[in-house]
$ cat upload38.tsv   # TSV, C-alpha atoms and all ligand atoms
chain	number	residue	atom	x	y	z
A	18	MET	CA	-2.99	0.08	8.55
A	19	PHE	CA	-0.29	2.22	7.00
A	20	VAL	CA	-1.07	5.55	5.30
A	21	LEU	CA	1.67	7.17	3.24
A	22	GLY	CA	1.49	10.91	2.47
A	23	LEU	CA	3.36	12.23	-0.58
A	24	GLN	CA	3.62	15.99	-0.16
A	25	GLY	CA	4.40	17.92	-3.35
A	26	SER	CA	4.51	21.59	-2.33
A	27	PRO	CA	7.82	23.38	-1.74
A	28	ARG	CA	6.05	25.48	0.96
A	29	LYS	CA	6.50	23.90	4.37
A	30	LYS	CA	3.54	25.83	5.81
A	31	GLY	CA	1.50	25.78	2.63
A	32	ASN	CA	-1.95	24.53	1.78
A	33	SER	CA	-0.96	21.07	0.65
A	34	VAL	CA	0.87	20.52	3.94
A	35	TYR	CA	-2.20	21.69	5.88
A	36	LEU	CA	-4.54	19.33	4.01
A	37	LEU	CA	-2.17	16.39	4.28
A	38	ASN	CA	-1.46	16.90	7.98
A	39	ARG	CA	-5.18	17.12	8.76
A	40	PHE	CA	-5.87	14.00	6.71
A	41	LEU	CA	-3.11	12.00	8.37
A	42	ALA	CA	-4.06	13.20	11.86
A	43	GLU	CA	-7.61	11.88	11.30
A	44	CYS	CA	-6.18	8.57	10.07
A	45	GLU	CA	-4.06	8.32	13.23
A	46	ASN	CA	-7.14	9.03	15.37
A	47	LYS	CA	-8.68	5.97	13.80
A	48	GLY	CA	-5.63	3.84	14.60
A	49	ALA	CA	-3.51	4.09	11.42
A	50	ARG	CA	0.24	4.57	11.30
A	51	THR	CA	1.29	7.37	8.97
A	52	ARG	CA	4.39	8.70	7.29
A	53	VAL	CA	4.99	11.82	5.18
A	54	ILE	CA	7.45	12.15	2.33
A	55	HIS	CA	8.10	15.83	1.52
A	56	MET	CA	9.20	15.47	-2.07
A	57	ASP	CA	10.88	18.89	-2.25
A	58	GLY	CA	14.55	18.55	-1.38
A	59	LEU	CA	14.76	14.78	-1.77
A	60	ASP	CA	17.22	13.23	-4.15
A	61	ILE	CA	14.75	12.03	-6.77
A	62	GLN	CA	15.99	12.32	-10.32
A	63	PRO	CA	13.62	12.53	-13.29
A	64	CYS	CA	12.83	9.39	-15.27
A	65	ARG	CA	15.25	8.99	-18.17
A	66	GLU	CA	13.20	6.41	-20.03
A	67	LEU	CA	15.94	3.82	-19.86
A	68	VAL	CA	13.14	1.18	-20.01
A	69	VAL	CA	15.12	-1.14	-17.73
A	70	CYS	CA	12.03	-1.28	-15.52
A	71	GLU	CA	9.87	-2.54	-18.36
A	72	LYS	CA	12.26	-5.39	-19.11
A	73	LYS	CA	13.87	-6.19	-15.78
A	74	GLY	CA	11.48	-4.67	-13.25
A	75	PHE	CA	13.78	-2.22	-11.48
A	76	CYS	CA	15.01	1.35	-11.94
A	77	PRO	CA	18.80	1.63	-12.33
A	78	ILE	CA	18.86	5.28	-11.13
A	79	LYS	CA	20.44	5.35	-7.68
A	80	ASP	CA	18.64	7.86	-5.47
A	81	ASP	CA	15.96	8.06	-2.76
A	82	MET	CA	13.40	6.10	-4.77
A	83	GLU	CA	15.14	2.74	-4.72
A	84	PRO	CA	14.45	0.96	-2.46
A	85	ARG	CA	13.17	3.46	0.15
A	86	ILE	CA	10.22	5.21	-1.49
A	87	TYR	CA	9.29	2.29	-3.72
A	88	GLY	CA	9.19	0.12	-0.57
A	89	LEU	CA	6.98	2.60	1.29
A	90	ILE	CA	4.53	2.81	-1.61
A	91	ARG	CA	4.29	-0.98	-1.76
A	92	LYS	CA	3.80	-1.17	2.00
A	93	ALA	CA	1.05	1.47	2.06
A	94	ASP	CA	-2.62	0.56	2.41
A	95	VAL	CA	-3.43	4.15	1.43
A	96	VAL	CA	-1.30	6.56	-0.61
A	97	VAL	CA	-2.27	10.23	-0.23
A	98	LEU	CA	-0.91	12.57	-2.92
A	99	ALA	CA	-1.08	16.23	-1.85
A	100	SER	CA	-0.04	18.90	-4.36
A	101	PRO	CA	-0.64	22.48	-5.40
A	102	VAL	CA	-1.72	23.07	-8.99
A	103	PHE	CA	1.29	24.31	-10.91
A	104	PHE	CA	0.41	25.15	-14.54
A	105	TYR	CA	-2.67	22.93	-14.44
A	106	ASN	CA	-0.89	19.86	-13.13
A	107	VAL	CA	0.83	18.64	-9.97
A	108	SER	CA	4.06	20.38	-8.88
A	109	ALA	CA	7.31	19.37	-10.56
A	110	GLN	CA	8.43	17.77	-7.29
A	111	ALA	CA	5.38	15.49	-7.31
A	112	LYS	CA	5.62	14.83	-11.04
A	113	ILE	CA	9.21	13.61	-10.80
A	114	LEU	CA	8.22	11.00	-8.21
A	115	ILE	CA	5.15	10.01	-10.23
A	116	ASP	CA	7.21	9.54	-13.40
A	117	ARG	CA	9.62	7.30	-11.50
A	118	CYS	CA	6.67	5.08	-10.63
A	119	GLN	CA	6.89	3.98	-14.24
A	120	MET	CA	8.87	1.19	-12.56
A	121	PHE	CA	5.60	-0.12	-11.04
A	122	TRP	CA	3.85	0.42	-14.39
A	123	GLY	CA	6.54	-1.66	-16.10
A	124	ARG	CA	6.23	-4.48	-13.58
A	125	ARG	CA	2.45	-4.43	-13.86
A	126	TYR	CA	1.81	-3.95	-17.56
A	127	LYS	CA	4.99	-5.05	-19.33
A	128	MET	CA	6.15	-7.86	-17.05
A	129	ARG	CA	2.58	-8.88	-16.16
A	130	LEU	CA	3.30	-9.04	-12.44
A	131	ALA	CA	0.28	-8.48	-10.20
A	132	ASP	CA	0.64	-6.75	-6.85
A	133	PRO	CA	-1.41	-8.83	-4.37
A	134	ASP	CA	-2.55	-5.59	-2.70
A	135	ALA	CA	-4.12	-4.28	-5.91
A	136	GLY	CA	-7.56	-5.21	-4.60
A	137	SER	CA	-7.19	-3.25	-1.39
A	138	ARG	CA	-4.76	-0.31	-1.75
A	139	GLN	CA	-6.47	3.09	-2.01
A	140	GLY	CA	-5.29	6.37	-3.50
A	141	VAL	CA	-6.37	9.82	-2.29
A	142	LEU	CA	-5.72	13.15	-4.01
A	143	LEU	CA	-5.61	16.45	-2.10
A	144	ALA	CA	-5.06	19.51	-4.33
A	145	VAL	CA	-5.26	23.31	-4.18
A	146	GLY	CA	-5.07	26.05	-6.80
A	147	ALA	CA	-5.28	29.84	-6.81
A	148	SER	CA	-7.71	30.47	-9.65
A	149	GLY	CA	-11.37	29.53	-10.02
A	150	GLY	CA	-11.51	28.00	-13.50
A	151	LYS	CA	-13.77	25.06	-14.29
A	152	LYS	CA	-10.90	22.91	-15.57
A	153	LEU	CA	-8.47	23.79	-12.78
A	154	PHE	CA	-8.17	20.23	-11.46
A	155	ASP	CA	-8.61	18.29	-14.72
A	156	GLY	CA	-4.88	17.80	-15.26
A	157	VAL	CA	-4.18	16.91	-11.63
A	158	ASN	CA	-7.04	14.42	-11.48
A	159	LEU	CA	-5.96	12.73	-14.71
A	160	THR	CA	-2.34	12.44	-13.58
A	161	ALA	CA	-3.47	11.11	-10.18
A	162	HIS	CA	-5.73	8.58	-11.90
A	163	TYR	CA	-2.85	7.08	-13.89
A	164	PHE	CA	-0.42	7.34	-10.98
A	165	PHE	CA	-2.74	5.39	-8.71
A	166	ASP	CA	-3.30	2.81	-11.42
A	167	ALA	CA	0.46	2.32	-11.83
A	168	ILE	CA	0.93	1.74	-8.10
A	169	SER	CA	-2.06	-0.64	-8.01
A	170	ALA	CA	-4.28	1.65	-5.95
A	171	ARG	CA	-7.98	2.40	-6.42
A	172	PHE	CA	-8.56	6.15	-6.82
A	173	ALA	CA	-10.80	6.44	-3.76
A	174	GLU	CA	-11.08	10.16	-2.94
A	175	SER	CA	-10.27	13.53	-4.50
A	176	LEU	CA	-10.55	16.69	-2.37
A	177	THR	CA	-9.75	19.84	-4.37
A	178	TYR	CA	-9.95	23.49	-3.34
A	179	LYS	CA	-10.05	26.51	-5.71
A	180	LYS	CA	-9.24	30.17	-5.05
A	181	VAL	CA	-6.65	29.36	-2.41
A	182	GLU	CA	-3.34	31.16	-2.74
A	183	ALA	CA	-1.72	32.45	0.46
A	184	ALA	CA	0.19	29.82	2.45
A	185	GLY	CA	-2.18	28.09	4.87
A	186	ALA	CA	-5.28	29.91	3.57
A	187	VAL	CA	-7.06	26.61	2.88
A	188	ALA	CA	-7.54	26.22	6.65
A	189	SER	CA	-10.21	28.96	6.47
A	190	VAL	CA	-12.18	27.41	3.61
A	191	PRO	CA	-15.62	26.54	5.02
A	192	GLY	CA	-16.17	22.80	5.39
A	193	VAL	CA	-12.59	21.70	4.73
A	194	ASP	CA	-12.11	19.90	8.04
A	195	GLN	CA	-15.45	18.16	7.69
A	196	ASP	CA	-14.61	17.09	4.11
A	197	ILE	CA	-11.40	15.55	5.38
A	198	ARG	CA	-13.04	13.76	8.31
A	199	GLN	CA	-15.69	12.27	6.04
A	200	ALA	CA	-13.14	11.20	3.42
A	201	VAL	CA	-10.98	9.55	6.11
A	202	ASP	CA	-14.04	7.72	7.47
A	203	ARG	CA	-14.81	6.30	4.04
A	204	VAL	CA	-11.20	5.32	3.34
A	205	MET	CA	-10.54	3.74	6.74
A	206	ASP	CA	-13.92	2.05	7.09
A	207	ALA	CA	-13.45	0.36	3.71
A	208	VAL	CA	-10.53	-1.48	5.32
A	209	LEU	CA	-11.33	-1.73	9.03
A	210	ASN	CA	-14.89	-3.00	8.60
A	211	ASN	CA	-13.62	-6.09	6.78
A	212	PRO	CA	-12.81	-9.32	8.62
A	213	SER	CA	-9.06	-9.82	9.08
A	214	LEU	CA	-6.81	-12.81	8.67
A	215	VAL	CA	-3.21	-13.17	9.87
A	216	PHE	CA	-0.79	-15.83	8.62
A	217	VAL	CA	1.94	-16.59	11.16
A	218	SER	CA	5.13	-18.52	10.46
A	219	GLU	CA	8.52	-18.70	12.12
A	220	LYS	CA	10.35	-16.15	9.94
A	221	ASP	CA	7.65	-14.59	7.72
A	222	ALA	CA	10.07	-15.14	4.86
A	223	CYS	CA	8.40	-17.91	2.87
A	224	ARG	CA	5.21	-19.76	3.90
A	225	SER	CA	3.26	-16.92	5.50
A	226	GLN	CA	4.31	-14.47	2.74
A	227	MET	CA	3.19	-16.91	0.09
A	228	ALA	CA	-0.08	-17.67	1.86
A	229	ALA	CA	-0.83	-13.96	2.34
A	230	ALA	CA	-0.11	-13.21	-1.32
A	231	TYR	CA	-2.39	-16.00	-2.56
A	232	ALA	CA	-5.07	-15.04	-0.04
A	233	LYS	CA	-5.02	-11.37	-1.10
A	234	MET	CA	-5.36	-12.37	-4.75
A	235	ALA	CA	-8.32	-14.61	-3.89
A	236	ALA	CA	-10.05	-12.21	-1.50
A	237	GLN	CA	-9.64	-9.08	-3.69
A	238	GLY	CA	-9.99	-6.65	-0.80
A	239	SER	CA	-12.96	-8.36	0.89
A	240	ILE	CA	-10.76	-9.61	3.78
A	241	ARG	CA	-7.89	-7.76	5.42
A	242	ILE	CA	-4.87	-10.05	5.11
A	243	LEU	CA	-1.53	-9.75	6.88
A	244	SER	CA	1.45	-11.96	7.65
A	245	ALA	CA	4.02	-12.04	10.43
A	246	GLY	CA	6.79	-14.11	11.95
A	247	ILE	CA	7.57	-15.09	15.53
A	248	ASP	CA	11.25	-14.33	14.89
A	249	PRO	CA	11.23	-12.50	11.52
A	250	ALA	CA	14.00	-12.86	8.95
A	251	GLY	CA	15.78	-9.81	7.52
A	252	GLU	CA	14.26	-10.34	4.10
A	253	ILE	CA	11.95	-12.57	2.11
A	254	HIS	CA	13.41	-15.82	0.86
A	255	GLY	CA	14.72	-15.23	-2.69
A	256	ALA	CA	13.38	-18.53	-4.04
A	257	THR	CA	9.90	-17.66	-2.76
A	258	GLN	CA	9.99	-14.27	-4.50
A	259	ASP	CA	11.23	-15.83	-7.74
A	260	PHE	CA	8.70	-18.63	-7.63
A	261	LEU	CA	5.80	-16.25	-7.13
A	262	ALA	CA	7.12	-13.93	-9.85
A	263	ASP	CA	7.07	-16.88	-12.26
A	264	GLN	CA	3.39	-17.25	-11.38
A	265	GLY	CA	2.82	-13.51	-12.03
A	266	VAL	CA	2.60	-12.58	-8.34
A	267	ASP	CA	4.72	-9.58	-7.32
A	268	ILE	CA	6.03	-9.52	-3.72
A	269	LYS	CA	9.18	-7.45	-4.38
A	270	TYR	CA	9.84	-4.72	-1.75
A	271	ARG	CA	7.92	-6.56	0.97
A	272	GLN	CA	9.58	-7.17	4.31
A	273	PRO	CA	9.07	-9.85	6.97
A	274	ARG	CA	7.33	-8.43	10.00
A	275	ALA	CA	7.42	-9.38	13.69
A	276	LEU	CA	4.14	-10.72	15.10
A	277	ASP	CA	4.54	-8.54	18.21
A	278	ASP	CA	4.91	-5.40	16.08
A	279	LEU	CA	2.00	-6.36	13.87
A	280	MET	CA	-0.28	-6.87	16.88
A	281	ALA	CA	0.79	-3.57	18.47
A	282	GLU	CA	0.47	-1.62	15.24
A	283	GLU	CA	-2.52	-3.14	13.49
A	284	PHE	CA	-4.69	-4.62	16.21
A	285	LYS	CA	-4.63	-2.10	19.06
A	286	LYS	CA	-8.37	-1.60	18.94
A	287	ARG	CA	-9.67	-4.99	17.83
A	288	SER	CA	-8.31	-8.51	17.39
A	289	PRO	CA	-7.89	-10.29	14.07
A	290	SER	CA	-10.87	-12.43	13.06
A	291	GLN	CA	-8.71	-15.48	12.43
A	292	VAL	CA	-5.09	-16.63	12.64
A	293	ILE	CA	-3.45	-19.35	10.55
A	294	CYS	CA	-0.40	-20.67	12.35
A	295	MET	CA	2.28	-22.40	10.30
A	296	THR	CA	5.03	-22.63	12.91
A	297	SER	CA	6.52	-25.94	13.98
A	298	ASP	CA	5.24	-25.45	17.53
A	299	THR	CA	1.63	-26.54	17.17
A	300	ALA	CA	0.98	-26.20	20.89
A	301	ALA	CA	1.59	-22.46	21.10
A	302	VAL	CA	-1.35	-20.25	20.12
A	303	PRO	CA	0.34	-17.14	18.65
A	304	VAL	CA	-2.53	-14.75	19.37
A	305	PRO	CA	-4.44	-15.85	22.48
A	306	GLY	CA	-8.21	-15.56	22.31
A	307	VAL	CA	-8.38	-15.58	18.48
A	308	GLU	CA	-9.78	-18.47	16.42
A	309	THR	CA	-6.65	-20.26	15.18
A	310	GLN	CA	-6.07	-22.97	12.61
A	311	PHE	CA	-2.77	-24.85	12.63
A	312	TRP	CA	-1.45	-25.75	9.20
A	313	ASP	CA	1.21	-28.42	9.27
A	314	ILE	CA	3.31	-27.00	6.44
A	315	ASP	CA	6.73	-26.87	7.94
A	316	PRO	CA	9.45	-27.11	5.28
A	317	ALA	CA	12.04	-27.91	7.96
A	318	GLN	CA	10.22	-31.17	8.69
A	319	LYS	CA	9.42	-32.08	5.11
A	320	ASP	CA	11.67	-32.82	2.19
A	321	THR	CA	9.75	-30.58	-0.14
A	322	SER	CA	10.37	-28.15	-3.01
A	323	VAL	CA	9.10	-24.58	-3.21
A	324	ALA	CA	6.70	-25.67	-5.98
A	325	LEU	CA	5.11	-28.44	-3.85
A	326	LEU	CA	4.95	-26.17	-0.84
A	327	ALA	CA	3.29	-23.46	-2.94
A	328	GLU	CA	0.77	-25.86	-4.41
A	329	GLU	CA	-0.29	-27.06	-0.98
A	330	ILE	CA	-0.49	-23.53	0.41
A	331	HIS	CA	-2.42	-22.29	-2.63
A	332	ASP	CA	-5.03	-25.06	-2.35
A	333	ARG	CA	-5.50	-24.50	1.37
A	334	VAL	CA	-5.71	-20.75	0.96
A	335	ASP	CA	-8.35	-20.93	-1.78
A	336	ALA	CA	-10.49	-23.22	0.38
A	337	LEU	CA	-10.00	-20.98	3.42
A	338	ILE	CA	-10.91	-17.77	1.58
A	339	SER	CA	-14.08	-19.18	0.05
A	340	ASP	CA	-15.05	-20.55	3.47
A	341	LEU	CA	-14.41	-17.18	5.16
A	342	GLN	CA	-16.23	-15.27	2.43
A	343	SER	CA	-19.33	-17.41	2.78
A	344	ARG	CA	-19.15	-17.22	6.60
A	345	TYR	CA	-18.79	-13.44	6.72
A	346	GLN	CA	-21.25	-12.78	3.91
A	347	SER	CA	-23.91	-14.80	5.68
A	348	GLY	CA	-23.35	-12.69	8.76
B	401	LIG	C1	4.89	27.77	-10.40
B	401	LIG	C2	3.47	27.98	-9.98
B	401	LIG	C3	2.46	27.64	-10.87
B	401	LIG	C4	1.13	27.81	-10.50
B	401	LIG	N1	0.16	27.44	-11.38
B	401	LIG	C5	-1.14	27.60	-11.06
B	401	LIG	C6	-2.17	27.26	-11.98
B	401	LIG	O1	-1.93	26.81	-13.08
B	401	LIG	N2	-3.45	27.46	-11.60
B	401	LIG	C7	-3.77	27.97	-10.36
B	401	LIG	O2	-4.95	28.15	-10.07
B	401	LIG	N3	-2.81	28.26	-9.45
B	401	LIG	C8	-1.51	28.10	-9.76
B	401	LIG	N4	-0.52	28.40	-8.85
B	401	LIG	C9	-0.89	28.82	-7.48
B	401	LIG	C10	-0.86	27.68	-6.45
B	401	LIG	O3	-1.53	26.55	-6.93
B	401	LIG	C11	-1.53	28.12	-5.15
B	401	LIG	O4	-0.88	29.26	-4.62
B	401	LIG	C12	-1.61	27.04	-4.11
B	401	LIG	O5	-2.43	27.45	-3.04
B	401	LIG	C13	-0.24	26.70	-3.52
B	401	LIG	O6	-0.36	25.60	-2.65
B	401	LIG	P1	0.74	25.29	-1.52
B	401	LIG	O7	0.55	26.32	-0.45
B	401	LIG	O8	0.44	23.93	-1.06
B	401	LIG	O9	2.07	25.40	-2.19
B	401	LIG	C14	0.81	28.29	-9.20
B	401	LIG	C15	1.84	28.65	-8.32
B	401	LIG	C16	3.16	28.49	-8.71
B	401	LIG	C17	4.24	28.87	-7.73
$ encode --input "upload38.tsv" --output "C-alpha cells" --more "lines below"
Ligand SMILES: Cc1cc2nc3c(=O)[nH]c(=O)nc-3n(C[C@H](O)[C@H](O)[C@H](O)COP(=O)(O)O)c2cc1C
Amino acid sequence: MFVLGLQGSPRKKGNSVYLLNRFLAECENKGARTRVIHMDGLDIQPCRELVVCEKKGFCPIKDDMEPRIYGLIRKADVVVLASPVFFYNVSAQAKILIDRCQMFWGRRYKMRLADPDAGSRQGVLLAVGASGGKKLFDGVNLTAHYFFDAISARFAESLTYKKVEAAGAVASVPGVDQDIRQAVDRVMDAVLNNPSLVFVSEKDACRSQMAAAYAKMAAQGSIRILSAGIDPAGEIHGATQDFLADQGVDIKYRQPRALDDLMAEEFKKRSPSQVICMTSDTAAVPVPGVETQFWDIDPAQKDTSVALLAEEIHDRVDALISDLQSRYQSG
C-alpha cells in the first residue's frame, strides 16, 4: 500500500509537517510505504487554463507535475493533503498543485476516462489554523472535497485543529496523536481487511495491466487488486493503453512492477488471497503457497489482436470477480 503525503506549509517544522509525519509514521507501522512531497520550493507553476488537458488529457506546462507528481498521485492508494489555513483556504503552495490537478478532472469529466482505482483510493485532509471561528475549515474542506474528487479519491478523513499558531504547537493539543492513530486504522483497515488478488504476467505491460484494470472496475474497492511482472518492462504497452482509453479506462501514468518488489513491499505481513498467472511457463507457481489459477492467455503463442485478447481477459475477469465476491461474502 502506498500513501502519498502532500505537505503545503512553508514551515519545515510547522504544524502541518507534524501532523503529516505522525500520520505517515502510523501508516508505516501498519506496513505501508510512504512518500512526502513538500510543495514549497518545488517547480510547480499555476494552472493557466490552456484547456489542453480537457481536450487531450495532458498538461503542456513543463515542471515537476508532469510526469512525476501526477504519476505519484495515480500510484497512491491514499493521498494525504496537509495544509495550514491561509485566508480561509489551503496555502498557495497547496492550491497551485491542486489547480494543476485539473488535468485529472479533464480526463475524468471531459474525456470520460475512468481511473480503475476510483473505487479504492482514499483522500485524507489534515489542517490547522490559528483562530477559533466556526467556519475556519469550511473553505479547506470544500477545496479538499473537489480535489479528492478530481483525483478519483474518496474523501475518507478530515482532521482539523483550531487555535494553533506557533510552529509545532499542534503536538501539544490533547488527543491529537490518538485522533491520528484512529484515522490511520480506519484508512488502512478499509484496504488491508479486503481479500487481495495479484495478476502476474511476464512483463506487466499488457495482459496483467489489462486484467487488473478490468478487475478493479468490477470489484469497486471490495478486493485489493495488483499486477506484476516476472521481468517487468520499462513501460506499459502503448497499444494496451490506447485500447483501454477507447473503452473509457484510464491507465496513463501506471508503471509495470516487478513481482519480487511487489511481494516485498505489499505482502510482508500476509500473503495475497489469490494469484492469476498469465506467464508462458505454466509449471512455475509465481507465489508459492498461494492459491493460483493459470490463464493460458499468452499473446506470444497466439496470433491474436489486442481487441480479442481484451475480450477474453474481460470475460474471465468478470467471472473471477463475481466468484471471489460470492466466496468472500459468504465467509
Ligand atoms: C498568510 C497567512 C494566512 C493565514 N490565514 C489564516 C486564516 O485565515 N485563519 C487562521 O485561523 N489562521 C491563519 N493563519 C495562521 C496559520 O494557519 C497557523 O499559524 C497555522 O498553525 C500554520 O500552520 P503551519 O505551522 O503548518 O504552517 C495564516 C497564516 C499565514 C502566514
$ closest_residue --input "upload38.tsv" --among "A:Gly246, A:Gly185, A:Gly255, A:Gly74" --to "Pro101 in chain A" --atoms "only C-alpha atoms"
A:Gly185
$ closest_atom_pairs --input "upload38.tsv" --of "chain A" --to "ligand LIG 401 (chain B)" --cutoff "6 Å" --atoms "all atoms listed in the file" --output "JSON lines"
{"residue": "A:Ser26", "atom": "CA", "partner": "B:LIG401", "partner_atom": "O9", "distance": 4.5}
{"residue": "A:Arg28", "atom": "CA", "partner": "B:LIG401", "partner_atom": "O9", "distance": 5.1}
{"residue": "A:Gly31", "atom": "CA", "partner": "B:LIG401", "partner_atom": "O7", "distance": 3.3}
{"residue": "A:Asn32", "atom": "CA", "partner": "B:LIG401", "partner_atom": "O8", "distance": 3.8}
{"residue": "A:Ser33", "atom": "CA", "partner": "B:LIG401", "partner_atom": "O8", "distance": 3.6}
{"residue": "A:Pro101", "atom": "CA", "partner": "B:LIG401", "partner_atom": "O6", "distance": 4.2}
{"residue": "A:Val102", "atom": "CA", "partner": "B:LIG401", "partner_atom": "O3", "distance": 4.0}
{"residue": "A:Phe103", "atom": "CA", "partner": "B:LIG401", "partner_atom": "N1", "distance": 3.4}
{"residue": "A:Phe104", "atom": "CA", "partner": "B:LIG401", "partner_atom": "O1", "distance": 3.2}
{"residue": "A:Tyr105", "atom": "CA", "partner": "B:LIG401", "partner_atom": "O1", "distance": 4.2}
{"residue": "A:Val145", "atom": "CA", "partner": "B:LIG401", "partner_atom": "O5", "distance": 5.1}
{"residue": "A:Gly146", "atom": "CA", "partner": "B:LIG401", "partner_atom": "O3", "distance": 3.6}
{"residue": "A:Ala147", "atom": "CA", "partner": "B:LIG401", "partner_atom": "O2", "distance": 3.7}
{"residue": "A:Ser148", "atom": "CA", "partner": "B:LIG401", "partner_atom": "O2", "distance": 3.6}
{"residue": "A:Val181", "atom": "CA", "partner": "B:LIG401", "partner_atom": "O5", "distance": 4.7}
{"residue": "A:Glu182", "atom": "CA", "partner": "B:LIG401", "partner_atom": "O4", "distance": 3.6}
{"residue": "A:Ala184", "atom": "CA", "partner": "B:LIG401", "partner_atom": "O7", "distance": 4.6}
$ write_last_selection --input "upload38.tsv" --atoms "C-alpha atoms" --output "mmCIF file, in the frame of the given file"
data_model
loop_
_atom_site.group_PDB
_atom_site.id
_atom_site.type_symbol
_atom_site.label_atom_id
_atom_site.label_comp_id
_atom_site.auth_asym_id
_atom_site.auth_seq_id
_atom_site.Cartn_x
_atom_site.Cartn_y
_atom_site.Cartn_z
ATOM 1 C CA SER A 26 4.510 21.590 -2.330
ATOM 2 C CA ARG A 28 6.050 25.480 0.960
ATOM 3 C CA GLY A 31 1.500 25.780 2.630
ATOM 4 C CA ASN A 32 -1.950 24.530 1.780
ATOM 5 C CA SER A 33 -0.960 21.070 0.650
ATOM 6 C CA PRO A 101 -0.640 22.480 -5.400
ATOM 7 C CA VAL A 102 -1.720 23.070 -8.990
ATOM 8 C CA PHE A 103 1.290 24.310 -10.910
ATOM 9 C CA PHE A 104 0.410 25.150 -14.540
ATOM 10 C CA TYR A 105 -2.670 22.930 -14.440
ATOM 11 C CA VAL A 145 -5.260 23.310 -4.180
ATOM 12 C CA GLY A 146 -5.070 26.050 -6.800
ATOM 13 C CA ALA A 147 -5.280 29.840 -6.810
ATOM 14 C CA SER A 148 -7.710 30.470 -9.650
ATOM 15 C CA VAL A 181 -6.650 29.360 -2.410
ATOM 16 C CA GLU A 182 -3.340 31.160 -2.740
ATOM 17 C CA ALA A 184 0.190 29.820 2.450
#
$ residues_around --input "upload38.tsv" --residues "range 117-130 of chain A" --least-positions-apart "4" --cutoff "6 Å" --atoms "only C-alpha atoms" --output "PyMOL selection string"
chain A and resi 64+70-71+74+167-168+265-267
$ residues_around --input "upload38.tsv" --residues "Cys294 in chain A" --least-positions-apart "6" --cutoff "8 Å" --atoms "all atoms listed in the file" --output "compact mmCIF listing (two decimals) with C-alpha atoms, in the frame of the given file"
# COMPACT_ATOMS: atom_id res chain seq x y z
CA PHE A 216 -0.79 -15.83 8.62
CA VAL A 217 1.94 -16.59 11.16
CA SER A 218 5.13 -18.52 10.46
CA VAL A 302 -1.35 -20.25 20.12
CA PRO A 303 0.34 -17.14 18.65
CA THR A 309 -6.65 -20.26 15.18
CA GLN A 310 -6.07 -22.97 12.61
CA PHE A 311 -2.77 -24.85 12.63
CA TRP A 312 -1.45 -25.75 9.20
$ closest_residue --input "upload38.tsv" --among "A:Ile90, A:Ala186, A:Leu341, A:Val69" --to "Asn211 in chain A" --atoms "only C-alpha atoms"
A:Leu341
$ closest_residue --input "upload38.tsv" --among "A:Val68, A:Val292, A:Val34, A:Leu276" --to "Ala188 in chain A" --atoms "only C-alpha atoms"
A:Val34
$ closest_residue --input "upload38.tsv" --among "A:Arg241, A:Lys233, A:Arg271, A:Lys220" --to "Thr296 in chain A" --atoms "all atoms listed in the file"
A:Lys220
$ closest_residue --input "upload38.tsv" --among "A:Asp263, A:Glu174, A:Glu219, A:Asp335" --to "Gln199 in chain A" --atoms "all atoms listed in the file"
A:Glu174
$ atom_distance --input "upload38.tsv" --atom1 "CA of Ala230 in chain A" --atom2 "CA of Pro133 in chain A"
5.5 Å
$ closest_residue --input "upload38.tsv" --among "A:Asp196, A:Asp313, A:Asp278, A:Asp94" --to "Gln139 in chain A" --atoms "all atoms listed in the file"
A:Asp94
$ atom_distance --input "upload38.tsv" --atom1 "CA of Ala301 in chain A" --atom2 "CA of Ile240 in chain A"
24.9 Å
$ atom_distance --input "upload38.tsv" --atom1 "CA of Ala236 in chain A" --atom2 "CA of Ala93 in chain A"
18.0 Å
$ residues_around --input "upload38.tsv" --residues "Ala144 in chain A" --least-positions-apart "3" --cutoff "8 Å" --atoms "all atoms listed in the file" --output "compact mmCIF listing (two decimals) with C-alpha atoms, in the frame of the given file"
# COMPACT_ATOMS: atom_id res chain seq x y z
CA SER A 33 -0.96 21.07 0.65
CA ALA A 99 -1.08 16.23 -1.85
CA SER A 100 -0.04 18.90 -4.36
CA PRO A 101 -0.64 22.48 -5.40
CA VAL A 102 -1.72 23.07 -8.99
CA PHE A 154 -8.17 20.23 -11.46
CA VAL A 157 -4.18 16.91 -11.63
CA SER A 175 -10.27 13.53 -4.50
CA LEU A 176 -10.55 16.69 -2.37
CA THR A 177 -9.75 19.84 -4.37
CA TYR A 178 -9.95 23.49 -3.34
$ residues_around --input "upload38.tsv" --residues "Ile338 in chain A" --least-positions-apart "3" --cutoff "12 Å" --atoms "all atoms listed in the file" --output "tab-separated table (two decimals) with C-alpha atoms, keeping the file's coordinate frame"
chain	number	residue	atom	x	y	z
A	212	PRO	CA	-12.81	-9.32	8.62
A	213	SER	CA	-9.06	-9.82	9.08
A	214	LEU	CA	-6.81	-12.81	8.67
A	228	ALA	CA	-0.08	-17.67	1.86
A	229	ALA	CA	-0.83	-13.96	2.34
A	231	TYR	CA	-2.39	-16.00	-2.56
A	232	ALA	CA	-5.07	-15.04	-0.04
A	233	LYS	CA	-5.02	-11.37	-1.10
A	234	MET	CA	-5.36	-12.37	-4.75
A	235	ALA	CA	-8.32	-14.61	-3.89
A	236	ALA	CA	-10.05	-12.21	-1.50
A	237	GLN	CA	-9.64	-9.08	-3.69
A	238	GLY	CA	-9.99	-6.65	-0.80
A	239	SER	CA	-12.96	-8.36	0.89
A	240	ILE	CA	-10.76	-9.61	3.78
A	241	ARG	CA	-7.89	-7.76	5.42
A	242	ILE	CA	-4.87	-10.05	5.11
A	291	GLN	CA	-8.71	-15.48	12.43
A	293	ILE	CA	-3.45	-19.35	10.55
A	330	ILE	CA	-0.49	-23.53	0.41
A	331	HIS	CA	-2.42	-22.29	-2.63
A	332	ASP	CA	-5.03	-25.06	-2.35
A	333	ARG	CA	-5.50	-24.50	1.37
A	334	VAL	CA	-5.71	-20.75	0.96
A	335	ASP	CA	-8.35	-20.93	-1.78
A	341	LEU	CA	-14.41	-17.18	5.16
A	342	GLN	CA	-16.23	-15.27	2.43
A	343	SER	CA	-19.33	-17.41	2.78
A	344	ARG	CA	-19.15	-17.22	6.60
A	345	TYR	CA	-18.79	-13.44	6.72
A	346	GLN	CA	-21.25	-12.78	3.91
